[in-house]
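To keep things clear, I will list the structure first and then write my remarks on it.
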Amino acid sequence: MKEVLPLQSPLKILFIDDHTGLRDGMIFMLQNKNPSLLIIGVGTIPEAVKKLNEDKIVILDLNLDGENSLESVSKMRGVKSDIFILVYTMYNDDIHVEHALLIGVQGFITKEASVDEVEKAILAVGLGNTYYNSVASKVLRTLLPQNKGKHIVRDEKSYLFDNYKSLSK
């Protein structure tokens, strides 16, 4: 196992996931792996907005109690404009990935990732870079040439994404 170099100063992170066991387990594993990561966990967006202080990164689950958490990214950025968003989700479909990329998240990683990859994503985003797992990278590659640098959601996907909550189970 390679040695992790300590950061110049602690990296403050707000981890938002409504599954307490997963959230607490990931926080425990990440902090044991890299003590320079100072992580606070919350389960809802209102809790997150209250706790959003000196954090540099928000690790954000896409689905919080059935709600699309991407809709709250602008609210969080209204409180702290320089926050970096790293999406951490079970969703790996084009619609969710595309929507996240188009609102300007700095990272996207699925919950299939190892703790090592999650740490790598956190450190990349914490340094001001981007980190997209292979699924998000594939979607990103299809967006850029197709739109010639303009971020335009394809009509049928936009319609589906905007209206998915109204669909029956």
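Each chain in the structure tokens gets a letter, A, B, ..., in the order shown, and its residues are numbered from 1; ligands are numbered from 1 in order too.
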
Using only C-alpha atoms, what table do you get, as JSON lines, when you list each residue of range 10-60 of chain A with an atom no more than 10 Å from range 88-111 of chain A, its nearest pair of atoms, and their distance in Å rounded to one decimal, rows by chain then rising number?
```
{"residue": "A:Phe15", "atom": "CA", "partner": "A:Tyr88", "partner_atom": "CA", "distance": 9.3}
{"residue": "A:Ile16", "atom": "CA", "partner": "A:Tyr88", "partner_atom": "CA", "distance": 9.1}
{"residue": "A:Asp17", "atom": "CA", "partner": "A:Tyr88", "partner_atom": "CA", "distance": 8.7}
{"residue": "A:Leu22", "atom": "CA", "partner": "A:Lys111", "partner_atom": "CA", "distance": 9.8}
{"residue": "A:Ile57", "atom": "CA", "partner": "A:Gln106", "partner_atom": "CA", "distance": 9.4}
{"residue": "A:Val58", "atom": "CA", "partner": "A:Tyr88", "partner_atom": "CA", "distance": 9.7}
{"residue": "A:Ile59", "atom": "CA", "partner": "A:Tyr88", "partner_atom": "CA", "distance": 6.2}
{"residue": "A:Leu60", "atom": "CA", "partner": "A:Tyr88", "partner_atom": "CA", "distance": 5.6}
```

Could you please take those selected residues and save all heavy atoms as a compact mmCIF listing (two decimals), in the first residue's frame?
```txt
# COMPACT_ATOMS: atom_id res chain seq x y z
N PHE A 15 -20.00 15.64 4.30
CA PHE A 15 -20.46 14.43 3.62
C PHE A 15 -21.97 14.34 3.82
O PHE A 15 -22.44 14.18 4.94
CB PHE A 15 -19.76 13.22 4.23
CG PHE A 15 -19.85 11.95 3.43
CD1 PHE A 15 -18.71 11.36 2.93
CD2 PHE A 15 -21.07 11.34 3.19
CE1 PHE A 15 -18.77 10.18 2.20
CE2 PHE A 15 -21.15 10.16 2.46
CZ PHE A 15 -19.99 9.58 1.96
N ILE A 16 -22.74 14.44 2.71
CA ILE A 16 -24.20 14.44 2.80
C ILE A 16 -24.73 13.15 2.20
O ILE A 16 -24.64 12.93 0.99
CB ILE A 16 -24.81 15.64 2.05
CG1 ILE A 16 -24.14 16.95 2.47
CG2 ILE A 16 -26.33 15.70 2.29
CD1 ILE A 16 -24.50 18.12 1.59
N ASP A 17 -25.27 12.30 3.06
CA ASP A 17 -25.89 11.05 2.62
C ASP A 17 -26.93 10.67 3.67
O ASP A 17 -26.65 10.73 4.86
CB ASP A 17 -24.86 9.93 2.46
CG ASP A 17 -25.38 8.76 1.65
OD1 ASP A 17 -26.41 8.17 2.06
OD2 ASP A 17 -24.77 8.41 0.64
N LEU A 22 -23.83 3.93 5.91
CA LEU A 22 -22.89 4.14 4.81
C LEU A 22 -22.07 5.40 5.03
O LEU A 22 -20.84 5.39 4.90
CB LEU A 22 -23.65 4.26 3.47
CG LEU A 22 -22.74 4.49 2.29
CD1 LEU A 22 -23.05 3.52 1.18
CD2 LEU A 22 -22.82 5.91 1.80
N ILE A 57 -15.08 21.05 0.50
CA ILE A 57 -15.71 20.07 -0.38
C ILE A 57 -17.01 19.58 0.24
O ILE A 57 -17.08 19.34 1.44
CB ILE A 57 -14.79 18.84 -0.60
CG1 ILE A 57 -13.48 19.25 -1.24
CG2 ILE A 57 -15.48 17.78 -1.45
CD1 ILE A 57 -12.49 18.10 -1.33
N VAL A 58 -18.03 19.40 -0.61
CA VAL A 58 -19.24 18.71 -0.23
C VAL A 58 -19.27 17.41 -1.00
O VAL A 58 -19.14 17.42 -2.22
CB VAL A 58 -20.50 19.54 -0.54
CG1 VAL A 58 -21.76 18.69 -0.45
CG2 VAL A 58 -20.62 20.74 0.38
N ILE A 59 -19.39 16.30 -0.29
CA ILE A 59 -19.62 15.01 -0.93
C ILE A 59 -21.12 14.80 -0.87
O ILE A 59 -21.70 14.77 0.21
CB ILE A 59 -18.86 13.88 -0.21
CG1 ILE A 59 -17.36 14.15 -0.24
CG2 ILE A 59 -19.19 12.53 -0.85
CD1 ILE A 59 -16.54 13.17 0.57
N LEU A 60 -21.74 14.68 -2.05
CA LEU A 60 -23.19 14.77 -2.14
C LEU A 60 -23.79 13.53 -2.79
O LEU A 60 -23.47 13.19 -3.92
CB LEU A 60 -23.55 16.00 -2.98
CG LEU A 60 -25.01 16.31 -3.22
CD1 LEU A 60 -25.73 16.62 -1.91
CD2 LEU A 60 -25.13 17.49 -4.18
```

Problem set entry | Spatial neighbours of Met26 in chain A, max dist 10 Å, only C-alpha atoms, sep filter under 2 positions, as number ranges by chain | A: 15, 20-24, 28-32, 39, 41, 115, 118

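Here CA of Val135 in chain A and CA of Glu67 in chain A stand 22.3 Å from one another.
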
Exercise. Out of range 53-94 of chain A, which residues get alpha helix (DSSP H) from DSSP, as a PyMOL selection string?
Worked result: chain A and resi 73-79+94

Please dump the current selection as a CSV table (one decimal), in the first residue's frame; keep all heavy atoms.
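In the end it all went to selection35.csv:
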```csv
chain,number,residue,atom,x,y,z
A,73,VAL,N,-27.8,22.3,-5.1
A,73,VAL,CA,-26.4,22.8,-5.3
A,73,VAL,C,-26.3,24.3,-5.3
A,73,VAL,O,-25.5,24.9,-4.7
A,73,VAL,CB,-25.8,22.2,-6.6
A,73,VAL,CG1,-24.5,22.8,-6.9
A,73,VAL,CG2,-25.5,20.7,-6.3
A,74,SER,N,-27.3,24.9,-6.0
A,74,SER,CA,-27.3,26.4,-6.1
A,74,SER,C,-27.5,27.0,-4.7
A,74,SER,O,-26.9,28.1,-4.4
A,74,SER,CB,-28.3,26.9,-7.1
A,74,SER,OG,-29.6,26.5,-6.8
A,75,LYS,N,-28.3,26.4,-3.9
A,75,LYS,CA,-28.6,26.9,-2.5
A,75,LYS,C,-27.3,26.8,-1.7
A,75,LYS,O,-27.0,27.8,-1.0
A,75,LYS,CB,-29.7,26.0,-1.9
A,75,LYS,CG,-30.1,26.5,-0.5
A,75,LYS,CD,-31.0,25.6,0.2
A,75,LYS,CE,-32.4,25.6,-0.5
A,75,LYS,NZ,-33.4,24.8,0.2
A,76,MET,N,-26.6,25.7,-1.8
A,76,MET,CA,-25.3,25.6,-1.1
A,76,MET,C,-24.3,26.6,-1.6
A,76,MET,O,-23.6,27.2,-0.8
A,76,MET,CB,-24.8,24.1,-1.2
A,76,MET,CG,-25.6,23.1,-0.3
A,76,MET,SD,-24.9,21.5,-0.3
A,76,MET,CE,-25.4,20.9,-1.9
A,77,ARG,N,-24.2,26.8,-2.9
A,77,ARG,CA,-23.3,27.7,-3.4
A,77,ARG,C,-23.7,29.2,-3.1
A,77,ARG,O,-22.9,30.1,-3.1
A,77,ARG,CB,-23.1,27.5,-4.9
A,77,ARG,CG,-22.3,26.3,-5.2
A,77,ARG,CD,-21.9,26.2,-6.6
A,77,ARG,NE,-21.0,25.1,-6.8
A,77,ARG,CZ,-20.9,24.3,-7.9
A,77,ARG,NH1,-21.8,24.5,-8.9
A,77,ARG,NH2,-20.0,23.3,-7.9
A,78,GLY,N,-25.0,29.4,-2.8
A,78,GLY,CA,-25.4,30.7,-2.4
A,78,GLY,C,-24.9,31.0,-1.0
A,78,GLY,O,-24.6,32.2,-0.6
A,79,VAL,N,-24.7,30.0,-0.1
A,79,VAL,CA,-24.2,30.1,1.2
A,79,VAL,C,-22.7,30.2,1.2
A,79,VAL,O,-22.1,31.0,1.9
A,79,VAL,CB,-24.6,28.9,2.1
A,79,VAL,CG1,-23.9,29.0,3.5
A,79,VAL,CG2,-26.1,28.9,2.3
A,94,ASP,N,-26.8,8.0,-17.9
A,94,ASP,CA,-26.5,9.2,-18.6
A,94,ASP,C,-27.2,10.4,-18.1
A,94,ASP,O,-26.7,11.5,-18.0
A,94,ASP,CB,-26.8,9.1,-20.1
A,94,ASP,CG,-25.8,8.1,-20.8
A,94,ASP,OD1,-24.9,7.6,-20.2
A,94,ASP,OD2,-26.0,7.9,-22.0
```

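All residues in range 37-161 of chain A with a DSSP state of strand (DSSP E or B), computed from the backbone, read Leu37, Leu38, Ile39, Ile40, Gly41, Val42, Ile57, Val58, Ile59, Leu60, Asn63, Leu64, Glu67, Asn68, Phe84, Ile85, Leu86, Val87, Tyr88, Thr89, Gly107, Phe108, Ile109, Thr110, Tyr131 and Tyr132 of chain A.
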
Store the residues picked out above in a file with N, CA, C and O atoms, as an mmCIF file, in the first residue's frame.
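Okay, again09.cif is ready:
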```cif
data_model
loop_
_atom_site.group_PDB
_atom_site.id
_atom_site.type_symbol
_atom_site.label_atom_id
_atom_site.label_comp_id
_atom_site.auth_asym_id
_atom_site.auth_seq_id
_atom_site.Cartn_x
_atom_site.Cartn_y
_atom_site.Cartn_z
ATOM 1 N N LEU A 37 -8.007 14.454 6.418
ATOM 2 C CA LEU A 37 -9.383 14.705 5.997
ATOM 3 C C LEU A 37 -10.250 14.892 7.240
ATOM 4 O O LEU A 37 -10.392 13.983 8.039
ATOM 5 N N LEU A 38 -10.803 16.064 7.403
ATOM 6 C CA LEU A 38 -11.718 16.348 8.515
ATOM 7 C C LEU A 38 -13.130 16.336 7.946
ATOM 8 O O LEU A 38 -13.525 17.245 7.226
ATOM 9 N N ILE A 39 -13.876 15.292 8.267
ATOM 10 C CA ILE A 39 -15.175 15.075 7.632
ATOM 11 C C ILE A 39 -16.292 15.121 8.665
ATOM 12 O O ILE A 39 -16.229 14.455 9.685
ATOM 13 N N ILE A 40 -17.317 15.897 8.347
ATOM 14 C CA ILE A 40 -18.538 15.958 9.145
ATOM 15 C C ILE A 40 -19.647 15.383 8.269
ATOM 16 O O ILE A 40 -19.733 15.706 7.083
ATOM 17 N N GLY A 41 -20.513 14.572 8.839
ATOM 18 C CA GLY A 41 -21.593 13.967 8.079
ATOM 19 C C GLY A 41 -22.949 14.488 8.492
ATOM 20 O O GLY A 41 -23.191 14.738 9.673
ATOM 21 N N VAL A 42 -23.820 14.672 7.506
ATOM 22 C CA VAL A 42 -25.210 15.050 7.737
ATOM 23 C C VAL A 42 -26.083 14.243 6.778
ATOM 24 O O VAL A 42 -25.597 13.689 5.790
ATOM 25 N N ILE A 57 -15.083 21.047 0.499
ATOM 26 C CA ILE A 57 -15.712 20.070 -0.378
ATOM 27 C C ILE A 57 -17.013 19.577 0.244
ATOM 28 O O ILE A 57 -17.083 19.343 1.441
ATOM 29 N N VAL A 58 -18.028 19.400 -0.606
ATOM 30 C CA VAL A 58 -19.243 18.713 -0.225
ATOM 31 C C VAL A 58 -19.271 17.411 -1.002
ATOM 32 O O VAL A 58 -19.139 17.417 -2.224
ATOM 33 N N ILE A 59 -19.388 16.297 -0.292
ATOM 34 C CA ILE A 59 -19.618 15.010 -0.931
ATOM 35 C C ILE A 59 -21.116 14.797 -0.868
ATOM 36 O O ILE A 59 -21.702 14.766 0.207
ATOM 37 N N LEU A 60 -21.737 14.683 -2.050
ATOM 38 C CA LEU A 60 -23.187 14.765 -2.140
ATOM 39 C C LEU A 60 -23.786 13.527 -2.786
ATOM 40 O O LEU A 60 -23.470 13.186 -3.917
ATOM 41 N N ASN A 63 -29.549 11.194 -4.270
ATOM 42 C CA ASN A 63 -30.911 10.926 -3.859
ATOM 43 C C ASN A 63 -30.985 10.946 -2.337
ATOM 44 O O ASN A 63 -30.538 10.022 -1.686
ATOM 45 N N LEU A 64 -31.545 12.004 -1.799
ATOM 46 C CA LEU A 64 -31.699 12.131 -0.350
ATOM 47 C C LEU A 64 -33.177 12.027 -0.005
ATOM 48 O O LEU A 64 -33.942 12.935 -0.316
ATOM 49 N N GLU A 67 -35.512 12.773 -2.792
ATOM 50 C CA GLU A 67 -35.388 14.088 -3.427
ATOM 51 C C GLU A 67 -34.092 14.162 -4.230
ATOM 52 O O GLU A 67 -33.065 13.624 -3.833
ATOM 53 N N ASN A 68 -34.138 14.870 -5.345
ATOM 54 C CA ASN A 68 -32.954 15.091 -6.165
ATOM 55 C C ASN A 68 -32.099 16.181 -5.518
ATOM 56 O O ASN A 68 -32.458 17.347 -5.537
ATOM 57 N N PHE A 84 -16.584 23.152 -3.448
ATOM 58 C CA PHE A 84 -16.435 22.153 -4.497
ATOM 59 C C PHE A 84 -17.421 21.020 -4.219
ATOM 60 O O PHE A 84 -17.557 20.584 -3.078
ATOM 61 N N ILE A 85 -18.071 20.531 -5.260
ATOM 62 C CA ILE A 85 -19.068 19.476 -5.121
ATOM 63 C C ILE A 85 -18.536 18.193 -5.750
ATOM 64 O O ILE A 85 -18.168 18.178 -6.928
ATOM 65 N N LEU A 86 -18.510 17.128 -4.946
ATOM 66 C CA LEU A 86 -18.153 15.794 -5.419
ATOM 67 C C LEU A 86 -19.390 14.921 -5.243
ATOM 68 O O LEU A 86 -19.809 14.649 -4.119
ATOM 69 N N VAL A 87 -19.997 14.519 -6.349
ATOM 70 C CA VAL A 87 -21.170 13.657 -6.303
ATOM 71 C C VAL A 87 -20.701 12.234 -5.999
ATOM 72 O O VAL A 87 -19.757 11.741 -6.608
ATOM 73 N N TYR A 88 -21.371 11.599 -5.045
ATOM 74 C CA TYR A 88 -21.085 10.218 -4.640
ATOM 75 C C TYR A 88 -22.422 9.489 -4.639
ATOM 76 O O TYR A 88 -23.248 9.723 -3.759
ATOM 77 N N THR A 89 -22.652 8.651 -5.635
ATOM 78 C CA THR A 89 -23.995 8.137 -5.858
ATOM 79 C C THR A 89 -24.005 6.716 -6.388
ATOM 80 O O THR A 89 -23.000 6.225 -6.900
ATOM 81 N N GLY A 107 -16.663 16.864 -9.319
ATOM 82 C CA GLY A 107 -16.363 15.444 -9.344
ATOM 83 C C GLY A 107 -17.623 14.603 -9.349
ATOM 84 O O GLY A 107 -18.679 15.042 -8.894
ATOM 85 N N PHE A 108 -17.472 13.391 -9.880
ATOM 86 C CA PHE A 108 -18.587 12.452 -9.928
ATOM 87 C C PHE A 108 -18.003 11.058 -9.784
ATOM 88 O O PHE A 108 -17.127 10.668 -10.558
ATOM 89 N N ILE A 109 -18.488 10.335 -8.766
ATOM 90 C CA ILE A 109 -17.989 8.986 -8.506
ATOM 91 C C ILE A 109 -19.150 8.130 -8.012
ATOM 92 O O ILE A 109 -20.037 8.628 -7.318
ATOM 93 N N THR A 110 -19.158 6.880 -8.398
ATOM 94 C CA THR A 110 -20.247 6.007 -7.980
ATOM 95 C C THR A 110 -19.868 5.258 -6.702
ATOM 96 O O THR A 110 -18.695 5.115 -6.367
ATOM 97 N N TYR A 131 -12.550 15.369 -10.924
ATOM 98 C CA TYR A 131 -12.392 13.919 -10.905
ATOM 99 C C TYR A 131 -13.712 13.295 -11.319
ATOM 100 O O TYR A 131 -14.724 13.467 -10.651
ATOM 101 N N TYR A 132 -13.694 12.616 -12.445
ATOM 102 C CA TYR A 132 -14.876 11.925 -12.930
ATOM 103 C C TYR A 132 -14.520 10.464 -13.119
ATOM 104 O O TYR A 132 -13.536 10.151 -13.777
#
```

Problem set entry | Separation of CA of Thr44 in chain A from CA of Lys80 in chain A, in Å and rounded to one decimal |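 These atoms are spaced 16.9 Å apart.
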
Problem set entry | Residues within 12 Å of Leu127 in chain A, only C-alpha atoms, excluding chain neighbours under 3 positions, as a ChimeraX atom specification | /A:7-9,11,56-57,83-84,106-107,120-124,130-131
